[in-house]
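What follows is the content of query_1.cif (mmCIF, C-alpha atoms).
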```
data_run
loop_
_atom_site.label_atom_id
_atom_site.label_comp_id
_atom_site.auth_asym_id
_atom_site.auth_seq_id
_atom_site.Cartn_x
_atom_site.Cartn_y
_atom_site.Cartn_z
CA MET A 29 0.00 0.00 0.00
CA PHE A 30 1.16 3.52 -0.81
CA ASP A 31 0.11 6.51 1.28
CA GLY A 32 0.70 9.78 -0.53
CA THR A 33 -0.65 12.65 -2.58
CA ALA A 34 -0.19 13.40 -6.26
CA ASN A 35 -0.42 16.90 -7.73
CA ILE A 36 -1.30 15.68 -11.21
CA LEU A 37 -1.33 17.80 -14.34
CA LYS A 38 -4.43 16.46 -16.04
CA PRO A 39 -4.32 16.72 -19.84
CA PRO A 40 -7.42 17.59 -21.88
CA GLY A 41 -9.40 14.75 -23.40
CA ILE A 42 -9.64 12.47 -20.36
CA SER A 43 -12.03 12.55 -17.42
CA SER A 44 -10.69 12.99 -13.90
CA PHE A 45 -12.15 9.58 -12.98
CA ALA A 46 -10.39 7.85 -15.89
CA LEU A 47 -7.06 9.46 -14.98
CA ILE A 48 -7.40 8.42 -11.34
CA LYS A 49 -8.19 4.87 -12.46
CA LYS A 50 -4.99 4.82 -14.52
CA LEU A 51 -2.99 6.14 -11.55
CA ARG A 52 -4.43 3.50 -9.22
CA TRP A 53 -3.34 0.80 -11.65
CA LEU A 54 0.10 2.36 -12.15
CA LEU A 55 0.75 2.74 -8.40
CA ASP A 56 -0.95 -0.55 -7.50
CA GLU A 57 -3.20 1.22 -4.99
CA LYS A 58 -6.88 0.38 -4.56
CA LYS A 59 -7.88 3.36 -2.43
CA ALA A 60 -7.84 6.82 -4.00
CA GLY A 61 -9.75 10.07 -3.72
CA HIS A 62 -9.64 13.42 -5.49
CA THR A 63 -9.88 16.99 -4.27
CA GLY A 64 -12.10 18.39 -7.03
CA THR A 65 -12.69 17.10 -10.55
CA LEU A 66 -12.00 18.81 -13.86
CA ASP A 67 -14.18 18.52 -16.97
CA PRO A 68 -12.78 16.08 -19.57
CA ALA A 69 -11.98 18.94 -21.99
CA ALA A 70 -10.16 20.96 -19.30
CA ALA A 71 -6.52 20.65 -18.27
CA GLY A 72 -4.72 21.53 -15.08
CA VAL A 73 -3.93 20.56 -11.52
CA LEU A 74 -5.79 17.69 -9.91
CA GLY A 75 -5.00 16.65 -6.35
CA VAL A 76 -5.26 12.88 -5.85
CA CYS A 77 -4.78 11.14 -2.50
CA PHE A 78 -3.86 7.46 -2.17
CA GLY A 79 -4.17 5.00 0.70
CA LYS A 80 -4.30 6.59 4.15
CA ALA A 81 -3.71 9.99 2.56
CA THR A 82 -7.43 9.98 1.63
CA LYS A 83 -8.01 10.87 5.32
CA THR A 84 -6.52 14.31 4.62
CA ILE A 85 -9.10 15.30 1.97
CA PRO A 86 -11.52 17.05 4.41
CA PHE A 87 -8.58 19.11 5.74
CA LEU A 88 -7.28 20.34 2.38
CA ASP A 89 -8.21 23.97 1.84
CA ASP A 90 -9.73 24.24 -1.65
CA SER A 91 -11.59 27.48 -1.02
CA ARG A 92 -9.67 29.22 -3.85
CA LYS A 93 -9.05 27.98 -7.37
CA GLU A 94 -7.35 29.74 -10.27
CA TYR A 95 -7.99 29.28 -13.98
CA ILE A 96 -6.86 30.56 -17.34
CA CYS A 97 -9.81 30.59 -19.72
CA GLU A 98 -10.34 31.27 -23.40
CA MET A 99 -13.84 32.05 -24.64
CA LYS A 100 -15.32 32.80 -28.03
CA LEU A 101 -18.21 35.18 -28.54
CA GLY A 102 -21.02 34.63 -31.02
CA ALA A 103 -22.11 31.09 -30.19
CA ARG A 104 -23.46 29.04 -27.30
CA THR A 105 -23.56 25.27 -26.90
CA ASP A 106 -25.78 23.23 -24.60
CA THR A 107 -22.72 22.33 -22.50
CA LEU A 108 -21.26 25.89 -22.61
CA ASP A 109 -18.01 24.44 -24.01
CA LEU A 110 -16.88 22.82 -27.27
CA GLU A 111 -18.11 19.38 -26.16
CA GLY A 112 -21.73 20.28 -26.86
CA GLU A 113 -24.06 21.14 -29.72
CA VAL A 114 -24.42 24.74 -30.90
CA ILE A 115 -27.83 26.05 -29.84
CA ARG A 116 -27.45 29.80 -30.50
CA GLU A 117 -25.37 31.98 -32.80
CA ASP A 118 -25.12 35.72 -33.44
CA LEU A 119 -22.79 38.42 -34.73
CA ASN A 120 -23.46 40.98 -32.01
CA TRP A 121 -19.84 40.85 -30.92
CA ASN A 122 -18.95 42.74 -34.13
CA GLN A 123 -20.31 45.90 -32.51
CA LEU A 124 -18.18 45.64 -29.36
CA SER A 125 -15.19 47.81 -28.57
CA GLN A 126 -12.13 46.70 -26.61
CA ASN A 127 -13.11 49.08 -23.79
CA GLU A 128 -16.61 47.63 -23.55
CA VAL A 129 -15.24 44.10 -23.30
CA GLU A 130 -12.68 45.08 -20.68
CA THR A 131 -15.24 46.94 -18.57
CA VAL A 132 -17.68 44.03 -18.59
CA VAL A 133 -15.12 41.29 -17.87
CA LEU A 134 -13.57 43.19 -14.96
CA SER A 135 -17.04 43.97 -13.55
CA PHE A 136 -17.38 40.33 -12.51
CA LYS A 137 -14.87 40.72 -9.69
CA GLY A 138 -16.53 40.26 -6.29
CA LYS A 139 -19.38 38.30 -4.73
CA GLN A 140 -22.33 37.42 -6.94
CA GLU A 141 -25.05 34.86 -7.64
CA GLN A 142 -24.31 32.24 -10.30
CA VAL A 143 -26.60 29.65 -11.88
CA PRO A 144 -24.78 26.31 -12.36
CA PRO A 145 -24.80 24.78 -15.86
CA MET A 146 -27.12 21.90 -16.73
CA TYR A 147 -24.10 19.82 -17.70
CA SER A 148 -22.73 19.50 -14.16
CA ALA A 149 -22.51 16.82 -11.49
CA LEU A 150 -24.92 18.58 -9.12
CA HIS A 151 -27.86 16.52 -7.86
CA TYR A 152 -31.51 17.15 -8.70
CA GLN A 153 -34.15 14.82 -7.24
CA GLY A 154 -31.68 11.95 -6.95
CA LYS A 155 -30.08 12.36 -10.37
CA ARG A 156 -27.06 14.25 -11.67
CA LEU A 157 -27.91 17.30 -13.74
CA TYR A 158 -25.82 16.06 -16.67
CA GLN A 159 -27.84 12.83 -16.72
CA LEU A 160 -31.02 14.85 -17.19
CA ALA A 161 -29.35 17.13 -19.75
CA ARG A 162 -28.29 14.15 -21.87
CA ARG A 163 -31.99 13.17 -22.06
CA GLY A 164 -32.90 16.65 -23.22
CA ILE A 165 -34.37 17.65 -19.87
CA VAL A 166 -33.67 21.16 -18.61
CA VAL A 167 -34.65 22.01 -15.03
CA GLU A 168 -34.63 25.23 -13.05
CA ARG A 169 -31.40 25.56 -11.06
CA GLU A 170 -31.09 27.70 -7.97
CA SER A 171 -28.39 30.33 -8.09
CA ARG A 172 -25.74 30.25 -5.39
CA GLU A 173 -23.28 32.77 -4.07
CA ILE A 174 -19.78 32.59 -5.47
CA GLU A 175 -16.88 35.02 -5.40
CA ILE A 176 -14.43 36.09 -8.07
CA PHE A 177 -11.44 37.18 -6.00
CA GLU A 178 -9.41 38.39 -8.98
CA ILE A 179 -10.05 38.58 -12.71
CA GLN A 180 -7.43 39.72 -15.20
CA LEU A 181 -7.73 40.14 -18.94
CA LEU A 182 -4.90 38.45 -20.84
CA GLU A 183 -5.97 39.17 -24.42
CA ILE A 184 -8.89 40.59 -26.38
CA LYS A 185 -8.86 39.60 -30.04
CA LEU A 186 -12.55 39.50 -30.87
CA PRO A 187 -14.36 37.21 -30.97
CA ILE A 188 -11.73 35.61 -28.68
CA ILE A 189 -11.26 36.73 -25.05
CA ARG A 190 -8.64 35.26 -22.71
CA PHE A 191 -8.65 35.91 -18.97
CA LYS A 192 -7.29 34.61 -15.68
CA ALA A 193 -9.58 34.30 -12.68
CA GLU A 194 -9.15 33.29 -9.04
CA VAL A 195 -12.50 32.07 -7.78
CA SER A 196 -14.22 30.48 -4.80
CA ARG A 197 -15.05 26.79 -4.54
CA GLY A 198 -18.22 25.96 -6.46
CA THR A 199 -17.66 28.52 -9.22
CA TYR A 200 -18.28 27.24 -12.74
CA ILE A 201 -16.06 28.95 -15.31
CA ARG A 202 -18.42 27.81 -18.07
CA SER A 203 -21.20 29.71 -16.31
CA LEU A 204 -18.93 32.73 -15.96
CA VAL A 205 -18.31 32.63 -19.72
CA ARG A 206 -22.07 32.48 -20.32
CA ASP A 207 -22.68 35.43 -17.99
CA ILE A 208 -19.90 37.57 -19.48
CA ALA A 209 -21.30 36.99 -22.97
CA GLU A 210 -24.86 37.79 -21.87
CA LYS A 211 -23.72 41.06 -20.30
CA LEU A 212 -22.07 41.88 -23.63
CA ASN A 213 -25.44 41.18 -25.36
CA THR A 214 -24.10 38.19 -27.24
CA ASN A 215 -23.49 34.48 -26.75
CA GLY A 216 -20.32 32.81 -25.61
CA VAL A 217 -18.66 29.41 -25.40
CA MET A 218 -15.62 28.27 -23.44
CA THR A 219 -12.94 27.08 -25.85
CA PHE A 220 -10.07 26.35 -23.44
CA LEU A 221 -9.65 25.94 -19.67
CA LEU A 222 -6.49 25.42 -17.62
CA ARG A 223 -6.67 25.15 -13.82
CA THR A 224 -3.45 26.64 -12.49
CA LYS A 225 -4.25 26.35 -8.78
CA SER A 226 -6.60 24.35 -6.59
CA GLY A 227 -6.00 25.03 -2.91
CA PRO A 228 -2.43 23.88 -2.14
CA PHE A 229 -1.94 22.31 -5.57
CA LYS A 230 -0.22 24.60 -8.07
CA LEU A 231 0.71 24.24 -11.72
CA GLU A 232 4.40 24.96 -11.15
CA ASN A 233 4.91 21.88 -8.96
CA SER A 234 2.53 19.50 -10.71
CA VAL A 235 3.67 16.28 -12.38
CA SER A 236 2.31 14.44 -15.40
CA TYR A 237 1.15 10.84 -15.56
CA GLU A 238 4.09 10.12 -17.84
CA GLU A 239 6.57 11.49 -15.29
CA ILE A 240 5.14 9.26 -12.57
CA GLU A 241 5.19 6.34 -14.99
CA ALA A 242 8.90 6.98 -15.65
CA GLU A 243 10.09 7.87 -12.15
CA GLY A 244 7.59 6.21 -9.81
CA LYS A 245 6.25 7.10 -6.37
CA ASP A 246 9.24 9.25 -5.41
CA LEU A 247 7.68 12.14 -7.35
CA LEU A 248 4.63 12.19 -5.09
CA GLN A 249 4.10 14.07 -1.84
CA THR A 250 3.71 12.68 1.66
CA PRO A 251 0.15 12.76 3.07
CA TYR A 252 0.85 15.84 5.22
CA GLU A 253 2.78 18.04 2.75
CA PRO A 254 -0.27 19.72 1.17
CA LEU A 255 -1.81 20.48 4.58
CA ASP A 256 -1.48 24.04 5.83
CA LEU A 257 -1.54 23.17 9.54
CA PRO A 258 0.89 23.81 12.43
CA HIS A 259 3.30 21.04 13.47
CA TYR A 260 3.79 19.75 17.02
CA THR A 261 5.79 16.86 18.47
CA ILE A 262 4.82 14.11 20.92
CA LYS A 263 7.38 13.06 23.55
CA ASP A 264 8.80 9.61 22.95
CA GLU A 265 7.37 8.22 26.19
CA GLU A 266 3.85 9.22 25.10
CA TYR A 267 4.12 7.89 21.55
CA GLN A 268 1.91 4.87 22.22
CA ARG A 269 -0.90 7.06 23.55
CA ALA A 270 -0.94 9.01 20.30
CA GLU A 271 -0.62 5.84 18.22
CA ASN A 272 -3.72 4.43 19.93
CA GLY A 273 -5.67 7.64 19.42
CA ASN A 274 -5.82 8.51 23.13
CA TYR A 275 -6.14 12.14 24.13
CA LEU A 276 -3.01 14.08 25.08
CA ILE A 277 -2.32 16.99 27.38
CA LYS A 278 0.10 19.86 26.97
CA ASP A 279 2.80 18.13 29.04
CA ASN A 280 2.82 15.23 26.55
CA LEU A 281 4.16 17.52 23.84
CA VAL A 282 7.75 18.59 23.30
CA GLU A 283 6.83 22.20 22.55
CA THR A 284 6.02 24.40 25.51
CA ASP A 285 4.68 27.33 23.49
CA ILE A 286 1.51 26.05 21.86
CA GLU A 287 -0.50 28.62 19.93
CA LEU A 288 -3.78 26.91 19.14
CA ASP A 289 -7.34 28.08 19.59
CA VAL A 290 -9.96 25.61 20.74
CA GLY A 291 -11.10 23.63 17.69
CA ASP A 292 -7.87 24.14 15.75
CA TYR A 293 -6.32 21.16 13.98
CA PHE A 294 -2.58 20.44 13.88
CA LEU A 295 -0.13 17.82 12.64
CA LEU A 296 1.41 15.55 15.24
CA PHE A 297 4.89 14.07 14.74
CA SER A 298 7.16 11.79 16.73
CA GLU A 299 10.55 13.07 17.96
CA SER A 300 12.14 11.13 15.10
CA GLY A 301 10.00 13.04 12.59
CA LYS A 302 7.41 10.35 11.85
CA PHE A 303 3.96 11.66 10.96
CA ILE A 304 1.45 10.28 13.45
CA ALA A 305 -1.89 12.06 13.20
CA ILE A 306 -4.04 15.04 12.41
CA SER A 307 -5.04 16.17 15.88
CA GLN A 308 -7.37 18.75 17.38
CA HIS A 309 -7.24 21.08 20.37
CA LEU A 310 -10.42 20.55 22.43
CA VAL A 311 -11.83 21.40 25.83
CA GLU A 312 -13.61 18.66 27.79
CA ASP A 313 -14.81 19.16 31.36
CA ASP A 314 -12.75 22.39 31.51
CA TYR A 315 -9.57 20.51 30.56
CA HIS A 316 -7.57 21.39 27.46
CA ILE A 317 -6.78 18.23 25.55
CA TYR A 318 -5.08 17.44 22.22
CA GLN A 319 -7.00 14.65 20.54
CA PRO A 320 -5.54 12.61 17.65
CA HIS A 321 -8.37 12.84 15.12
CA LYS A 322 -7.02 10.91 12.12
CA VAL A 323 -4.18 8.48 12.90
CA PHE A 324 -1.83 7.52 10.06
CA ILE A 325 0.20 4.75 11.67
#
```
Would you put the structure from the file into structure tokens?
Amino acid sequence: MFDGTANILKPPGISSFALIKKLRWLLDEKKAGHTGTLDPAAAGVLGVCFGKATKTIPFLDDSRKEYICEMKLGARTDTLDLEGEVIREDLNWNQLSQNEVETVVLSFKGKQEQVPPMYSALHYQGKRLYQLARRGIVVERESREIEIFEIQLLEIKLPIIRFKAEVSRGTYIRSLVRDIAEKLNTNGVMTFLLRTKSGPFKLENSVSYEEIEAEGKDLLQTPYEPLDLPHYTIKDEEYQRAENGNYLIKDNLVETDIELDVGDYFLLFSESGKFIAISQHLVEDDYHIYQPHKVFI
């Protein structure tokens, strides 16, 4: 069994599920979980956890994601990308100026309501939306609050627009493309999408399937590396307590200066540097305790 995390650069043309299946076979690991899928046509970073590292998924901060997107004005497909059938076309973009496009695109920065696309994995009455969409069924979707933290224009060469956006979890870039086009009084379709950041996973330190195939598990990260949590150390004589998941007190730790609020999680290591657990600072019966929450031994 292998316990570790892969920051995979997913190529376009393969689903996230299919890529994970290939990685499981390559690494001979049955247990795997992802930290947020990408559409088959999209490329970019995909965090995949194997073995015991799947326990870290709830603790990985994926509240911010970053994308580079290319969109084309004048057409809309049922999927909002090039995978679908064209359902609308127009030439309204011919009347647009560079300044108009720039003003509209940059106006999307901030909090707003967004309607998810029909071709998405969201549930509706026990079925995925894309399952309904493939049968020609369109249902009303509730809008939800998302946030565009940053949006930057990279190029305007009408009808093509390229931009970079840092967005909150749950934001659909295809829906953003649709909304930008509508505000410009035209239609739009996403023609290219690259995810450059998803929480702790960044494009600059991602690896391809082919690199892992050539160099093996050494390219992958330990279970705790992607976690943005403080580190503390258990004294050797208390190691077994931590290993068994028993609660600890401050005197059981090597560090004397512990800066944790009640409810905070932290990483617990042995004095030899072995990763033991994701633990939590709690108060029970007025006593401050440090409870191993997910044990990795």
Point out the residue among A:Thr250, A:Pro320, A:Lys245, A:Ile42 with the least atom-to-atom distance to A:Asn272, counting all atoms listed in the file. A:Pro320
Report the residues retrieved by the PyMOL selection byres ((chain A and resi 295-312) around 9) from the displayed file, expressed as an MDAnalysis selection string. chainID A and resid 84 251:252 255 257:264 267 270:271 273 282 288:294 313:325
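Around A:Pro40, within 10 Å and counting all atoms listed in the file, the residues found are Leu37, Lys38, Ile42, Ser43, Ser44, Leu66, Asp67, Pro68, Ala69, Ala70, Ala71, Gly72, Phe220, Leu221 and Leu222 of chain A, once anything fewer than 2 positions away on its own chain is removed.
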What's around A:Thr214 at 12 Å? Count all atoms listed in the file, leave out sequence neighbours fewer than 4 positions away in its own chain, and write the answer as a short mmCIF file (atom, residue, chain, number, x, y, z; two decimals) with C-alpha atoms, in the coordinates of the input.
```cif
data_model
loop_
_atom_site.label_atom_id
_atom_site.label_comp_id
_atom_site.auth_asym_id
_atom_site.auth_seq_id
_atom_site.Cartn_x
_atom_site.Cartn_y
_atom_site.Cartn_z
CA LYS A 100 -15.32 32.80 -28.03
CA LEU A 101 -18.21 35.18 -28.54
CA GLY A 102 -21.02 34.63 -31.02
CA ALA A 103 -22.11 31.09 -30.19
CA ARG A 104 -23.46 29.04 -27.30
CA ARG A 116 -27.45 29.80 -30.50
CA GLU A 117 -25.37 31.98 -32.80
CA ASP A 118 -25.12 35.72 -33.44
CA LEU A 119 -22.79 38.42 -34.73
CA ASN A 120 -23.46 40.98 -32.01
CA TRP A 121 -19.84 40.85 -30.92
CA ASN A 122 -18.95 42.74 -34.13
CA GLN A 123 -20.31 45.90 -32.51
CA LEU A 124 -18.18 45.64 -29.36
CA VAL A 129 -15.24 44.10 -23.30
CA PRO A 187 -14.36 37.21 -30.97
CA VAL A 205 -18.31 32.63 -19.72
CA ARG A 206 -22.07 32.48 -20.32
CA ASP A 207 -22.68 35.43 -17.99
CA ILE A 208 -19.90 37.57 -19.48
CA ALA A 209 -21.30 36.99 -22.97
CA GLU A 210 -24.86 37.79 -21.87
#
```
Atom CA of A:Thr33 to atom CA of A:Leu74, straight-line distance in Å: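 Pair atom CA of A:Leu74 / atom CA of A:Thr33 returns 10.3 Å.
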To one decimal in Å, tell me the separation between atom CA of A:Gly244 and atom CA of A:Pro86.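 These atoms are spaced 26.2 Å apart.
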Do you have the atom CA of A:Thr65-atom CA of A:Asp256 distance handy?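 If I compute the distance from atom CA of A:Thr65 to atom CA of A:Asp256, I get 21.0 Å.
Look at everything within 10 Å of (-6.5, 31.9, -19.5) using all atoms listed in the file, and the residues you get are A:Glu94, A:Tyr95, A:Ile96, A:Cys97, A:Glu98, A:Met99, A:Gln180, A:Leu181, A:Leu182, A:Glu183, A:Ile189, A:Arg190, A:Phe191, A:Lys192, A:Ala193, A:Phe220, A:Leu221, A:Leu222, A:Arg223, A:Thr224.
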Pick from A:Leu204, A:Asn213, A:Thr199, A:Leu281 nearest to A:Arg269, counting only C-alpha atoms: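 Between A:Leu204, A:Asn213, A:Thr199, A:Leu281, the residue approaching A:Arg269 most closely is A:Leu281.
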Counting all atoms listed in the file, the option among A:Ile277, A:Leu248, A:Ile48, A:Ile184 closest to A:Gly32: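 The closest residue to A:Gly32 is A:Leu248.
Minimum distance to A:Gly75 across A:Arg172, A:Lys230, A:Lys49, A:Lys59 (counting all atoms listed in the file) occurs at A:Lys230.
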Residues at most 9 Å from A:Val132, counting all atoms listed in the file, excluding those fewer than 5 positions away in the same chain, as a list in words? Asn127, Ile208, Lys211 and Leu212 of chain A
Tell me which protein, DNA and RNA residues are within 8 Å of A:Glu194, counting all atoms listed in the file, leaving out same-chain ones fewer than 3 positions away, and put them as a PyMOL selection string. chain A and resi 92-95+176-179
Using only C-alpha atoms, please write the residues we just selected to a file, as a compact mmCIF listing (two decimals), keeping the file's coordinate frame.
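Result file is part.txt:
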```
# COMPACT_ATOMS: atom_id res chain seq x y z
CA ARG A 92 -9.67 29.22 -3.85
CA LYS A 93 -9.05 27.98 -7.37
CA GLU A 94 -7.35 29.74 -10.27
CA TYR A 95 -7.99 29.28 -13.98
CA ILE A 176 -14.43 36.09 -8.07
CA PHE A 177 -11.44 37.18 -6.00
CA GLU A 178 -9.41 38.39 -8.98
CA ILE A 179 -10.05 38.58 -12.71
```
Using all atoms listed in the file: which of A:Gln140, A:Leu186, A:Pro145, A:Arg169 has the shortest distance to A:Gln126: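 Of A:Gln140, A:Leu186, A:Pro145, A:Arg169, the one nearest A:Gln126 is A:Leu186, counting all atoms listed in the file.
Distance annotation: of A:Glu170, A:Glu239, A:Asp31, A:Glu232, the residue with the minimal separation from A:Asp56 is A:Asp31; atom set is all atoms listed in the file.
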Picked residues, the PyMOL selection byres ((chain A and resi 113) around 12), as a list in words: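 Applying the PyMOL selection byres ((chain A and resi 113) around 12) to the structure shown produces Ala103, Arg104, Thr105, Asp106, Thr107, Leu108, Asp109, Leu110, Glu111, Gly112, Val114, Ile115, Arg116, Glu117, Ala161, Arg162, Gly164 and Val217 of chain A.
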